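my_file.csv, holding CSV, N, CA and C atoms:
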```csv
chain,number,residue,atom,x,y,z
I,94,MET,N,-41.7,38.8,-41.6
I,94,MET,CA,-42.7,39.9,-41.9
I,94,MET,C,-43.3,39.6,-43.3
I,95,ILE,N,-44.6,39.7,-43.5
I,95,ILE,CA,-45.2,39.5,-44.7
I,95,ILE,C,-45.9,40.8,-45.2
I,96,LYS,N,-45.4,41.3,-46.3
I,96,LYS,CA,-46.0,42.6,-46.8
I,96,LYS,C,-47.3,42.3,-47.5
I,97,LEU,N,-48.3,43.0,-47.2
I,97,LEU,CA,-49.6,42.8,-47.9
I,97,LEU,C,-49.7,43.4,-49.3
I,98,LEU,N,-48.9,44.5,-49.5
I,98,LEU,CA,-48.9,45.1,-50.8
I,98,LEU,C,-47.5,44.9,-51.4
I,99,GLU,N,-47.4,44.2,-52.6
I,99,GLU,CA,-46.1,44.0,-53.2
I,99,GLU,C,-45.6,45.3,-53.8
I,100,ARG,N,-46.4,46.1,-54.4
I,100,ARG,CA,-46.0,47.4,-54.9
I,100,ARG,C,-47.1,48.4,-54.6
I,101,THR,N,-46.6,49.7,-54.5
I,101,THR,CA,-47.6,50.7,-54.1
I,101,THR,C,-47.9,51.6,-55.3
I,102,ARG,N,-47.1,51.6,-56.4
I,102,ARG,CA,-47.4,52.4,-57.6
I,102,ARG,C,-48.5,51.7,-58.4
I,103,ARG,N,-49.5,52.5,-58.8
I,103,ARG,CA,-50.6,52.1,-59.6
I,103,ARG,C,-50.2,52.1,-61.0
I,104,PRO,N,-50.7,51.2,-61.9
I,104,PRO,CA,-50.4,51.1,-63.3
I,104,PRO,C,-50.9,52.3,-64.0
I,105,ASP,N,-50.3,52.6,-65.2
I,105,ASP,CA,-50.6,53.8,-66.0
I,105,ASP,C,-51.6,53.4,-67.1
I,106,ILE,N,-51.5,52.2,-67.6
I,106,ILE,CA,-52.4,51.8,-68.7
I,106,ILE,C,-52.8,50.3,-68.6
I,107,THR,N,-54.0,50.0,-68.9
I,107,THR,CA,-54.5,48.6,-68.8
I,107,THR,C,-55.1,48.2,-70.1
I,108,PHE,N,-54.7,47.0,-70.6
I,108,PHE,CA,-55.3,46.5,-71.8
I,108,PHE,C,-56.1,45.2,-71.4
I,109,SER,N,-57.3,45.1,-71.9
I,109,SER,CA,-58.1,43.9,-71.6
I,109,SER,C,-58.5,43.3,-72.9
I,110,ARG,N,-58.5,42.0,-73.0
I,110,ARG,CA,-58.9,41.2,-74.2
I,110,ARG,C,-60.2,41.6,-74.7
I,111,ASN,N,-61.1,42.1,-73.9
I,111,ASN,CA,-62.5,42.4,-74.4
I,111,ASN,C,-62.5,43.8,-75.1
I,112,GLY,N,-61.3,44.4,-75.2
I,112,GLY,CA,-61.1,45.7,-75.9
I,112,GLY,C,-61.1,46.9,-75.1
I,113,ARG,N,-61.3,46.8,-73.8
I,113,ARG,CA,-61.3,48.0,-73.0
I,113,ARG,C,-59.8,48.4,-72.7
I,114,ILE,N,-59.5,49.7,-72.9
I,114,ILE,CA,-58.2,50.2,-72.6
I,114,ILE,C,-58.4,51.3,-71.6
I,115,SER,N,-57.8,51.2,-70.4
I,115,SER,CA,-58.0,52.2,-69.4
I,115,SER,C,-56.7,53.0,-69.3
I,116,ILE,N,-56.8,54.4,-69.3
I,116,ILE,CA,-55.7,55.3,-69.3
I,116,ILE,C,-55.7,56.2,-68.2
I,117,THR,N,-54.7,56.4,-67.4
I,117,THR,CA,-54.7,57.3,-66.2
I,117,THR,C,-54.5,58.7,-66.7
I,118,ALA,N,-54.8,59.6,-65.7
I,118,ALA,CA,-54.8,61.0,-66.0
I,118,ALA,C,-53.3,61.5,-66.3
I,119,ARG,N,-52.4,60.8,-65.7
I,119,ARG,CA,-51.0,61.2,-66.0
I,119,ARG,C,-50.6,61.0,-67.5
I,120,VAL,N,-51.0,59.8,-68.0
I,120,VAL,CA,-50.8,59.5,-69.5
I,120,VAL,C,-51.6,60.5,-70.3
I,121,VAL,N,-52.8,60.8,-70.0
I,121,VAL,CA,-53.6,61.7,-70.7
I,121,VAL,C,-52.9,63.1,-70.8
I,122,ARG,N,-52.4,63.5,-69.7
I,122,ARG,CA,-51.7,64.8,-69.6
I,122,ARG,C,-50.4,64.8,-70.4
I,123,LEU,N,-49.6,63.8,-70.3
I,123,LEU,CA,-48.4,63.7,-71.1
I,123,LEU,C,-48.6,63.7,-72.6
I,124,LEU,N,-49.7,63.0,-73.0
I,124,LEU,CA,-49.9,62.9,-74.5
I,124,LEU,C,-50.8,64.1,-75.0
I,125,SER,N,-51.3,64.9,-74.0
I,125,SER,CA,-52.3,66.0,-74.4
I,125,SER,C,-53.5,65.4,-75.1
I,126,LEU,N,-54.0,64.4,-74.6
I,126,LEU,CA,-55.2,63.8,-75.3
I,126,LEU,C,-56.4,64.6,-75.0
I,127,GLN,N,-57.2,64.7,-76.1
I,127,GLN,CA,-58.5,65.3,-76.0
I,127,GLN,C,-59.6,64.3,-76.4
I,128,PRO,N,-60.8,64.5,-75.9
I,128,PRO,CA,-61.9,63.5,-76.3
I,128,PRO,C,-62.0,63.4,-77.8
I,129,GLY,N,-62.0,62.2,-78.3
I,129,GLY,CA,-62.1,62.0,-79.8
I,129,GLY,C,-60.7,61.6,-80.4
I,130,ASP,N,-59.6,61.9,-79.7
I,130,ASP,CA,-58.3,61.5,-80.2
I,130,ASP,C,-58.2,60.0,-80.0
I,131,SER,N,-57.3,59.3,-80.8
I,131,SER,CA,-57.1,57.9,-80.7
I,131,SER,C,-55.7,57.7,-80.1
I,132,ILE,N,-55.5,56.4,-79.7
I,132,ILE,CA,-54.1,56.0,-79.2
I,132,ILE,C,-53.7,54.9,-80.1
I,133,ASN,N,-52.4,54.7,-80.2
I,133,ASN,CA,-51.8,53.7,-80.9
I,133,ASN,C,-50.6,53.2,-80.2
I,134,VAL,N,-50.1,52.0,-80.5
I,134,VAL,CA,-48.9,51.4,-79.9
I,134,VAL,C,-48.0,51.0,-81.0
I,135,ALA,N,-46.7,51.3,-80.8
I,135,ALA,CA,-45.7,51.0,-81.8
I,135,ALA,C,-44.5,50.3,-81.2
I,136,PHE,N,-44.1,49.2,-81.9
I,136,PHE,CA,-42.9,48.5,-81.4
I,136,PHE,C,-41.7,48.9,-82.3
I,137,HIS,N,-40.6,49.2,-81.7
I,137,HIS,CA,-39.4,49.7,-82.5
I,137,HIS,C,-38.2,49.2,-81.8
I,138,LEU,N,-37.4,48.4,-82.5
I,138,LEU,CA,-36.1,47.9,-81.9
I,138,LEU,C,-36.2,47.4,-80.5
I,139,GLY,N,-37.2,46.5,-80.3
I,139,GLY,CA,-37.4,45.9,-79.0
I,139,GLY,C,-38.0,46.8,-77.9
I,140,GLU,N,-38.4,48.0,-78.3
I,140,GLU,CA,-39.1,48.9,-77.3
I,140,GLU,C,-40.6,49.0,-77.8
I,141,CYS,N,-41.4,49.4,-76.8
I,141,CYS,CA,-42.8,49.5,-77.1
I,141,CYS,C,-43.2,51.0,-76.7
I,142,TYR,N,-43.9,51.7,-77.6
I,142,TYR,CA,-44.3,53.1,-77.3
I,142,TYR,C,-45.8,53.3,-77.5
I,143,LEU,N,-46.3,54.2,-76.6
I,143,LEU,CA,-47.7,54.6,-76.7
I,143,LEU,C,-47.7,56.0,-77.4
I,144,LEU,N,-48.6,56.2,-78.3
I,144,LEU,CA,-48.6,57.5,-79.0
I,144,LEU,C,-50.1,57.9,-79.2
I,145,ALA,N,-50.2,59.2,-79.4
I,145,ALA,CA,-51.6,59.8,-79.6
I,145,ALA,C,-51.7,60.0,-81.1
I,146,VAL,N,-53.0,59.8,-81.6
I,146,VAL,CA,-53.3,60.1,-83.0
I,146,VAL,C,-54.4,61.2,-83.0
I,147,ARG,N,-54.0,62.4,-83.4
I,147,ARG,CA,-54.9,63.5,-83.4
I,147,ARG,C,-55.8,63.5,-84.7
I,148,HIS,N,-57.1,63.8,-84.5
I,148,HIS,CA,-58.0,63.9,-85.6
I,148,HIS,C,-58.4,65.3,-85.8
I,149,GLN,N,-58.0,65.9,-86.9
I,149,GLN,CA,-58.3,67.3,-87.2
I,149,GLN,C,-59.8,67.6,-87.2
I,150,ASN,N,-60.5,66.7,-87.9
I,150,ASN,CA,-62.0,66.9,-87.9
I,150,ASN,C,-62.5,65.6,-87.3
I,151,ALA,N,-63.3,65.7,-86.2
I,151,ALA,CA,-63.7,64.5,-85.5
I,151,ALA,C,-64.9,63.8,-86.2
I,152,ILE,N,-65.0,63.9,-87.5
I,152,ILE,CA,-66.1,63.3,-88.3
I,152,ILE,C,-65.7,61.8,-88.5
I,153,GLY,N,-66.6,60.9,-88.3
I,153,GLY,CA,-66.4,59.5,-88.6
I,153,GLY,C,-66.0,58.8,-87.3
I,154,ARG,N,-65.8,57.5,-87.5
I,154,ARG,CA,-65.4,56.6,-86.4
I,154,ARG,C,-64.0,56.2,-86.6
I,155,HIS,N,-63.3,56.2,-85.5
I,155,HIS,CA,-61.9,55.8,-85.5
I,155,HIS,C,-61.6,54.8,-84.5
I,156,VAL,N,-60.6,54.0,-84.7
I,156,VAL,CA,-60.2,52.9,-83.8
I,156,VAL,C,-59.5,53.5,-82.6
I,157,ALA,N,-59.9,52.9,-81.4
I,157,ALA,CA,-59.2,53.3,-80.1
I,157,ALA,C,-59.4,54.8,-79.8
I,158,GLN,N,-60.6,55.3,-80.1
I,158,GLN,CA,-60.9,56.7,-79.7
I,158,GLN,C,-61.0,56.8,-78.2
I,159,CYS,N,-60.5,57.9,-77.6
I,159,CYS,CA,-60.5,58.1,-76.2
I,159,CYS,C,-61.6,59.0,-75.8
I,160,HIS,N,-62.1,58.8,-74.6
I,160,HIS,CA,-63.1,59.7,-74.0
I,160,HIS,C,-63.0,59.5,-72.5
I,161,PRO,N,-63.4,60.6,-71.7
I,161,PRO,CA,-63.3,60.5,-70.2
I,161,PRO,C,-64.2,59.3,-69.7
I,162,THR,N,-63.7,58.7,-68.6
I,162,THR,CA,-64.5,57.6,-68.0
I,162,THR,C,-65.8,58.1,-67.4
I,163,LYS,N,-65.8,59.3,-67.0
I,163,LYS,CA,-67.1,59.9,-66.5
I,163,LYS,C,-67.0,61.4,-66.6
I,164,LYS,N,-68.1,62.1,-66.4
I,164,LYS,CA,-68.1,63.5,-66.6
I,164,LYS,C,-67.1,64.2,-65.6
I,165,GLY,N,-66.2,65.0,-66.1
I,165,GLY,CA,-65.3,65.8,-65.2
I,165,GLY,C,-64.0,65.0,-64.9
I,166,SER,N,-63.9,63.7,-65.3
I,166,SER,CA,-62.8,62.9,-65.0
I,166,SER,C,-61.6,63.2,-65.9
I,167,LYS,N,-60.4,63.1,-65.4
I,167,LYS,CA,-59.2,63.2,-66.2
I,167,LYS,C,-58.7,61.8,-66.7
I,168,ASN,N,-59.3,60.7,-66.1
I,168,ASN,CA,-59.0,59.4,-66.6
I,168,ASN,C,-59.7,59.1,-67.9
I,169,TYR,N,-59.1,58.5,-68.8
I,169,TYR,CA,-59.8,58.2,-70.1
I,169,TYR,C,-59.8,56.7,-70.3
I,170,CYS,N,-60.7,56.3,-71.3
I,170,CYS,CA,-60.7,54.9,-71.7
I,170,CYS,C,-60.9,54.9,-73.2
I,171,ALA,N,-60.6,53.8,-73.8
I,171,ALA,CA,-60.7,53.6,-75.2
I,171,ALA,C,-61.2,52.2,-75.5
I,172,SER,N,-61.7,51.9,-76.6
I,172,SER,CA,-62.2,50.6,-77.0
I,172,SER,C,-61.6,50.2,-78.3
I,173,SER,N,-60.9,49.1,-78.3
I,173,SER,CA,-60.3,48.5,-79.5
I,173,SER,C,-59.9,47.0,-79.2
I,174,VAL,N,-60.7,46.1,-79.6
I,174,VAL,CA,-60.4,44.7,-79.4
I,174,VAL,C,-59.1,44.4,-80.1
I,175,LEU,N,-59.0,44.8,-81.3
I,175,LEU,CA,-57.8,44.6,-82.1
I,175,LEU,C,-56.5,45.1,-81.5
I,176,LEU,N,-56.5,46.3,-81.1
I,176,LEU,CA,-55.3,46.9,-80.4
I,176,LEU,C,-55.0,46.2,-79.1
I,177,ALA,N,-56.0,46.0,-78.3
I,177,ALA,CA,-55.7,45.3,-77.0
I,177,ALA,C,-55.2,43.9,-77.2
I,178,ARG,N,-55.8,43.2,-78.0
I,178,ARG,CA,-55.3,41.8,-78.2
I,178,ARG,C,-53.9,41.7,-78.9
I,179,LEU,N,-53.7,42.6,-79.8
I,179,LEU,CA,-52.3,42.6,-80.4
I,179,LEU,C,-51.3,43.0,-79.4
I,180,MET,N,-51.6,44.0,-78.5
I,180,MET,CA,-50.6,44.4,-77.5
I,180,MET,C,-50.3,43.2,-76.6
I,181,LEU,N,-51.4,42.6,-76.1
I,181,LEU,CA,-51.2,41.5,-75.1
I,181,LEU,C,-50.5,40.3,-75.8
I,182,ASP,N,-50.8,40.0,-77.1
I,182,ASP,CA,-50.1,38.9,-77.8
I,182,ASP,C,-48.7,39.2,-78.1
I,183,ASN,N,-48.4,40.4,-78.5
I,183,ASN,CA,-47.0,40.8,-78.7
I,183,ASN,C,-46.1,40.8,-77.5
I,184,CYS,N,-46.8,41.0,-76.3
I,184,CYS,CA,-46.0,40.9,-75.1
I,184,CYS,C,-46.0,39.5,-74.5
I,185,GLY,N,-46.6,38.6,-75.1
I,185,GLY,CA,-46.6,37.2,-74.6
I,185,GLY,C,-47.5,37.0,-73.4
I,186,ILE,N,-48.6,37.7,-73.3
I,186,ILE,CA,-49.5,37.6,-72.1
I,186,ILE,C,-50.7,36.8,-72.5
I,187,LYS,N,-51.0,35.8,-71.7
I,187,LYS,CA,-52.1,34.9,-72.0
I,187,LYS,C,-53.3,35.3,-71.2
I,188,GLU,N,-53.2,36.1,-70.1
I,188,GLU,CA,-54.3,36.4,-69.2
I,188,GLU,C,-55.3,37.3,-70.0
I,189,GLN,N,-56.4,37.6,-69.3
I,189,GLN,CA,-57.5,38.4,-69.9
I,189,GLN,C,-57.1,39.9,-69.9
I,190,ARG,N,-56.3,40.3,-69.0
I,190,ARG,CA,-55.9,41.7,-69.0
I,190,ARG,C,-54.5,41.9,-68.3
I,191,ALA,N,-53.9,43.0,-68.7
I,191,ALA,CA,-52.6,43.3,-68.1
I,191,ALA,C,-52.4,44.8,-68.0
I,192,SER,N,-51.7,45.2,-66.9
I,192,SER,CA,-51.5,46.6,-66.7
I,192,SER,C,-50.0,46.9,-66.8
I,193,PHE,N,-49.7,48.1,-67.3
I,193,PHE,CA,-48.3,48.4,-67.5
I,193,PHE,C,-48.0,49.8,-67.0
I,194,MET,N,-46.7,50.0,-66.6
I,194,MET,CA,-46.2,51.3,-66.3
I,194,MET,C,-45.7,52.1,-67.5
I,195,ILE,N,-45.7,53.4,-67.4
I,195,ILE,CA,-45.3,54.2,-68.6
I,195,ILE,C,-44.0,54.9,-68.1
I,196,GLY,N,-43.0,55.0,-69.0
I,196,GLY,CA,-41.8,55.7,-68.7
I,196,GLY,C,-41.9,57.2,-69.0
I,197,GLN,N,-40.7,57.8,-69.1
I,197,GLN,CA,-40.6,59.3,-69.3
I,197,GLN,C,-40.9,59.6,-70.8
I,198,ALA,N,-41.6,60.7,-71.0
I,198,ALA,CA,-42.0,61.1,-72.4
I,198,ALA,C,-40.8,61.4,-73.2
I,199,GLU,N,-40.8,61.0,-74.5
I,199,GLU,CA,-39.8,61.3,-75.4
I,199,GLU,C,-40.4,61.9,-76.7
I,200,LYS,N,-39.5,62.6,-77.4
I,200,LYS,CA,-39.9,63.2,-78.7
I,200,LYS,C,-39.3,62.4,-79.8
I,201,ARG,N,-40.2,61.9,-80.7
I,201,ARG,CA,-39.8,61.1,-81.9
I,201,ARG,C,-40.5,61.7,-83.1
I,202,ASP,N,-39.7,62.1,-84.1
I,202,ASP,CA,-40.3,62.7,-85.3
I,202,ASP,C,-41.3,63.8,-85.0
I,203,GLY,N,-41.0,64.6,-84.0
I,203,GLY,CA,-41.9,65.7,-83.8
I,203,GLY,C,-43.1,65.4,-83.0
I,204,GLU,N,-43.3,64.2,-82.5
I,204,GLU,CA,-44.4,63.9,-81.7
I,204,GLU,C,-44.0,63.3,-80.4
I,205,THR,N,-44.8,63.4,-79.3
I,205,THR,CA,-44.5,62.8,-78.0
I,205,THR,C,-44.9,61.4,-78.0
I,206,VAL,N,-44.0,60.5,-77.6
I,206,VAL,CA,-44.3,59.1,-77.4
I,206,VAL,C,-43.9,58.7,-76.0
I,207,LEU,N,-44.6,57.7,-75.5
I,207,LEU,CA,-44.4,57.3,-74.1
I,207,LEU,C,-43.9,55.8,-74.1
I,208,PRO,N,-42.8,55.5,-73.6
I,208,PRO,CA,-42.4,54.1,-73.6
I,208,PRO,C,-43.2,53.3,-72.6
I,209,ILE,N,-43.7,52.1,-73.0
I,209,ILE,CA,-44.4,51.2,-72.2
I,209,ILE,C,-43.5,50.2,-71.6
I,210,ILE,N,-43.5,50.0,-70.3
I,210,ILE,CA,-42.6,49.0,-69.7
I,210,ILE,C,-43.3,47.7,-69.7
I,211,PHE,N,-43.2,47.0,-70.8
I,211,PHE,CA,-44.0,45.8,-71.1
I,211,PHE,C,-43.3,44.5,-70.6
I,212,LYS,N,-42.1,44.6,-70.2
I,212,LYS,CA,-41.4,43.4,-69.8
I,212,LYS,C,-41.7,43.0,-68.4
I,213,HIS,N,-42.4,43.9,-67.6
I,213,HIS,CA,-42.8,43.6,-66.3
I,213,HIS,C,-44.3,44.0,-66.1
I,214,PRO,N,-45.2,43.3,-66.7
I,214,PRO,CA,-46.6,43.6,-66.6
I,214,PRO,C,-47.1,43.4,-65.2
I,215,LEU,N,-48.2,44.1,-64.8
I,215,LEU,CA,-48.7,44.0,-63.5
I,215,LEU,C,-50.0,43.1,-63.5
```
Show me this structure written as C-alpha cells.
Amino acid sequence: MIKLLERTRRPDITFSRNGRISITARVVRLLSLQPGDSINVAFHLGECYLLAVRHQNAIGRHVAQCHPTKKGSKNYCASSVLLARLMLDNCGIKEQRASFMIGQAEKRDGETVLPIIFKHPL
C-alpha cells in the first residue's frame, strides 16, 4: 500500500528566503498577536522559540511586523529577509523555504513563547 499523504497535520509557520513568513491562526491566537506587532526567534540551550514583540505605539517601521493575510483572516504574515534567512541558516536548511510545527506554549520571563520544532522541518 502506498500512502499519498505522508502527514496530515499542516505546518504552523513557514519561513522563506525571500523574507515572507506565514503564520497560522493557531500561532496568532497563542501569542495574542495584533496587527503591527512583530515576531522574533530566540535560540536557547539547543531549543528554538518564537515570541511576540509588542509595540506600545505603532509609530515607525519595525522588523517582522505582522498583519492579516487578507481582510477578516486570522492567518498572519510578516516580512523580514534577515529573520527568515537567519532562521533557515541556523537550522541548516539550504532550500528556499521550510515549514515548522509549533509546540505547547510556555511562559518565560513573564511572556509567552512557543517552541519551534526545527529538527524536523517540513
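Atom N of Ala177 in chain I is found 6.6 Å from atom N of Ser109 in chain I.
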So that I can check the secondary structure, give me every residue of chain I assigned helix (DSSP H, G or I) by backbone DSSP, as a ChimeraX atom specification. /I:118-124,174-183
Counting only C-alpha atoms, the option among I:Ser173, I:Gln127, I:Ser166, I:Asn183 closest to Cys141 in chain I: I:Asn183
Find the residue from I:Arg147, I:Cys184, I:Gln189, I:Gly165 that sits nearest to Ile132 in chain I; use only N, CA and C atoms when measuring.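 Of I:Arg147, I:Cys184, I:Gln189, I:Gly165, the one nearest Ile132 in chain I, counting only N, CA and C atoms, is I:Arg147.
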Those in chain I with strand (DSSP E or B) from DSSP, as a VMD selection string: chain I and resid 106 to 109 113 to 116 131 to 137 140 to 146 158 to 161 169 to 172 190 to 195 199 to 201 204 to 210
For the selection just defined, write its residues with N, CA and C atoms to a file, as a compact mmCIF listing (two decimals), in the frame of the given file.
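The result, written out as result.txt:
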```
# COMPACT_ATOMS: atom_id res chain seq x y z
N ILE I 106 -51.50 52.20 -67.60
CA ILE I 106 -52.40 51.80 -68.70
C ILE I 106 -52.80 50.30 -68.60
N THR I 107 -54.00 50.00 -68.90
CA THR I 107 -54.50 48.60 -68.80
C THR I 107 -55.10 48.20 -70.10
N PHE I 108 -54.70 47.00 -70.60
CA PHE I 108 -55.30 46.50 -71.80
C PHE I 108 -56.10 45.20 -71.40
N SER I 109 -57.30 45.10 -71.90
CA SER I 109 -58.10 43.90 -71.60
C SER I 109 -58.50 43.30 -72.90
N ARG I 113 -61.30 46.80 -73.80
CA ARG I 113 -61.30 48.00 -73.00
C ARG I 113 -59.80 48.40 -72.70
N ILE I 114 -59.50 49.70 -72.90
CA ILE I 114 -58.20 50.20 -72.60
C ILE I 114 -58.40 51.30 -71.60
N SER I 115 -57.80 51.20 -70.40
CA SER I 115 -58.00 52.20 -69.40
C SER I 115 -56.70 53.00 -69.30
N ILE I 116 -56.80 54.40 -69.30
CA ILE I 116 -55.70 55.30 -69.30
C ILE I 116 -55.70 56.20 -68.20
N SER I 131 -57.30 59.30 -80.80
CA SER I 131 -57.10 57.90 -80.70
C SER I 131 -55.70 57.70 -80.10
N ILE I 132 -55.50 56.40 -79.70
CA ILE I 132 -54.10 56.00 -79.20
C ILE I 132 -53.70 54.90 -80.10
N ASN I 133 -52.40 54.70 -80.20
CA ASN I 133 -51.80 53.70 -80.90
C ASN I 133 -50.60 53.20 -80.20
N VAL I 134 -50.10 52.00 -80.50
CA VAL I 134 -48.90 51.40 -79.90
C VAL I 134 -48.00 51.00 -81.00
N ALA I 135 -46.70 51.30 -80.80
CA ALA I 135 -45.70 51.00 -81.80
C ALA I 135 -44.50 50.30 -81.20
N PHE I 136 -44.10 49.20 -81.90
CA PHE I 136 -42.90 48.50 -81.40
C PHE I 136 -41.70 48.90 -82.30
N HIS I 137 -40.60 49.20 -81.70
CA HIS I 137 -39.40 49.70 -82.50
C HIS I 137 -38.20 49.20 -81.80
N GLU I 140 -38.40 48.00 -78.30
CA GLU I 140 -39.10 48.90 -77.30
C GLU I 140 -40.60 49.00 -77.80
N CYS I 141 -41.40 49.40 -76.80
CA CYS I 141 -42.80 49.50 -77.10
C CYS I 141 -43.20 51.00 -76.70
N TYR I 142 -43.90 51.70 -77.60
CA TYR I 142 -44.30 53.10 -77.30
C TYR I 142 -45.80 53.30 -77.50
N LEU I 143 -46.30 54.20 -76.60
CA LEU I 143 -47.70 54.60 -76.70
C LEU I 143 -47.70 56.00 -77.40
N LEU I 144 -48.60 56.20 -78.30
CA LEU I 144 -48.60 57.50 -79.00
C LEU I 144 -50.10 57.90 -79.20
N ALA I 145 -50.20 59.20 -79.40
CA ALA I 145 -51.60 59.80 -79.60
C ALA I 145 -51.70 60.00 -81.10
N VAL I 146 -53.00 59.80 -81.60
CA VAL I 146 -53.30 60.10 -83.00
C VAL I 146 -54.40 61.20 -83.00
N GLN I 158 -60.60 55.30 -80.10
CA GLN I 158 -60.90 56.70 -79.70
C GLN I 158 -61.00 56.80 -78.20
N CYS I 159 -60.50 57.90 -77.60
CA CYS I 159 -60.50 58.10 -76.20
C CYS I 159 -61.60 59.00 -75.80
N HIS I 160 -62.10 58.80 -74.60
CA HIS I 160 -63.10 59.70 -74.00
C HIS I 160 -63.00 59.50 -72.50
N PRO I 161 -63.40 60.60 -71.70
CA PRO I 161 -63.30 60.50 -70.20
C PRO I 161 -64.20 59.30 -69.70
N TYR I 169 -59.10 58.50 -68.80
CA TYR I 169 -59.80 58.20 -70.10
C TYR I 169 -59.80 56.70 -70.30
N CYS I 170 -60.70 56.30 -71.30
CA CYS I 170 -60.70 54.90 -71.70
C CYS I 170 -60.90 54.90 -73.20
N ALA I 171 -60.60 53.80 -73.80
CA ALA I 171 -60.70 53.60 -75.20
C ALA I 171 -61.20 52.20 -75.50
N SER I 172 -61.70 51.90 -76.60
CA SER I 172 -62.20 50.60 -77.00
C SER I 172 -61.60 50.20 -78.30
N ARG I 190 -56.30 40.30 -69.00
CA ARG I 190 -55.90 41.70 -69.00
C ARG I 190 -54.50 41.90 -68.30
N ALA I 191 -53.90 43.00 -68.70
CA ALA I 191 -52.60 43.30 -68.10
C ALA I 191 -52.40 44.80 -68.00
N SER I 192 -51.70 45.20 -66.90
CA SER I 192 -51.50 46.60 -66.70
C SER I 192 -50.00 46.90 -66.80
N PHE I 193 -49.70 48.10 -67.30
CA PHE I 193 -48.30 48.40 -67.50
C PHE I 193 -48.00 49.80 -67.00
N MET I 194 -46.70 50.00 -66.60
CA MET I 194 -46.20 51.30 -66.30
C MET I 194 -45.70 52.10 -67.50
N ILE I 195 -45.70 53.40 -67.40
CA ILE I 195 -45.30 54.20 -68.60
C ILE I 195 -44.00 54.90 -68.10
N GLU I 199 -40.80 61.00 -74.50
CA GLU I 199 -39.80 61.30 -75.40
C GLU I 199 -40.40 61.90 -76.70
N LYS I 200 -39.50 62.60 -77.40
CA LYS I 200 -39.90 63.20 -78.70
C LYS I 200 -39.30 62.40 -79.80
N ARG I 201 -40.20 61.90 -80.70
CA ARG I 201 -39.80 61.10 -81.90
C ARG I 201 -40.50 61.70 -83.10
N GLU I 204 -43.30 64.20 -82.50
CA GLU I 204 -44.40 63.90 -81.70
C GLU I 204 -44.00 63.30 -80.40
N THR I 205 -44.80 63.40 -79.30
CA THR I 205 -44.50 62.80 -78.00
C THR I 205 -44.90 61.40 -78.00
N VAL I 206 -44.00 60.50 -77.60
CA VAL I 206 -44.30 59.10 -77.40
C VAL I 206 -43.90 58.70 -76.00
N LEU I 207 -44.60 57.70 -75.50
CA LEU I 207 -44.40 57.30 -74.10
C LEU I 207 -43.90 55.80 -74.10
N PRO I 208 -42.80 55.50 -73.60
CA PRO I 208 -42.40 54.10 -73.60
C PRO I 208 -43.20 53.30 -72.60
N ILE I 209 -43.70 52.10 -73.00
CA ILE I 209 -44.40 51.20 -72.20
C ILE I 209 -43.50 50.20 -71.60
N ILE I 210 -43.50 50.00 -70.30
CA ILE I 210 -42.60 49.00 -69.70
C ILE I 210 -43.30 47.70 -69.70
```
Quick one: residues within 8 Å of Leu143 in chain I, only C-alpha atoms, excluding same-chain residues fewer than 5 positions away - as a PyMOL selection string? chain I and resi 132-135+206-209
Rounded to one decimal in Å, what is the spacing between CA of His155 in chain I and CA of Tyr169 in chain I? 15.7 Å
For CA of Ala191 in chain I and atom N of Arg110 in chain I, the interatomic separation in Å (one decimal): 7.8 Å
Excluding Leu175 in chain I and residues on its chain fewer than 5 positions from it, collect all residues at most 9 Å away from it, counting only C-alpha atoms, and give them as a tab-separated table (two decimals) with N, CA and C atoms, in the coordinates of the input.
```tsv
chain	number	residue	atom	x	y	z
I	110	ARG	N	-58.50	42.00	-73.00
I	110	ARG	CA	-58.90	41.20	-74.20
I	110	ARG	C	-60.20	41.60	-74.70
I	112	GLY	N	-61.30	44.40	-75.20
I	112	GLY	CA	-61.10	45.70	-75.90
I	112	GLY	C	-61.10	46.90	-75.10
I	156	VAL	N	-60.60	54.00	-84.70
I	156	VAL	CA	-60.20	52.90	-83.80
I	156	VAL	C	-59.50	53.50	-82.60
I	180	MET	N	-51.60	44.00	-78.50
I	180	MET	CA	-50.60	44.40	-77.50
I	180	MET	C	-50.30	43.20	-76.60
```
Would you list the contacts of Ser172 in chain I as a ChimeraX atom specification, taking every protein, DNA or RNA residue within 6 Å and counting only N, CA and C atoms, but skipping same-chain residues closer than 2 positions in sequence? /I:112-114,156-158,170,174
Within 6 Å of range 99-107 of chain I, counting all atoms listed in the file, which residues show up once you throw out same-chain ones fewer than 5 positions away? Write them as a ChimeraX atom specification, please. /I:113-117,191-195
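Counting only N, CA and C atoms, the residue from I:Leu138, I:Leu181, I:Leu176, I:Ala145 that sits nearest to Leu124 in chain I is I:Ala145.
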Extract, using only N, CA and C atoms, all DNA, RNA and protein residues at most 8 Å from Lys167 in chain I, discarding same-chain residues fewer than 6 positions from it, and format them as a PyMOL selection string. chain I and resi 116-119+121-122+160-161
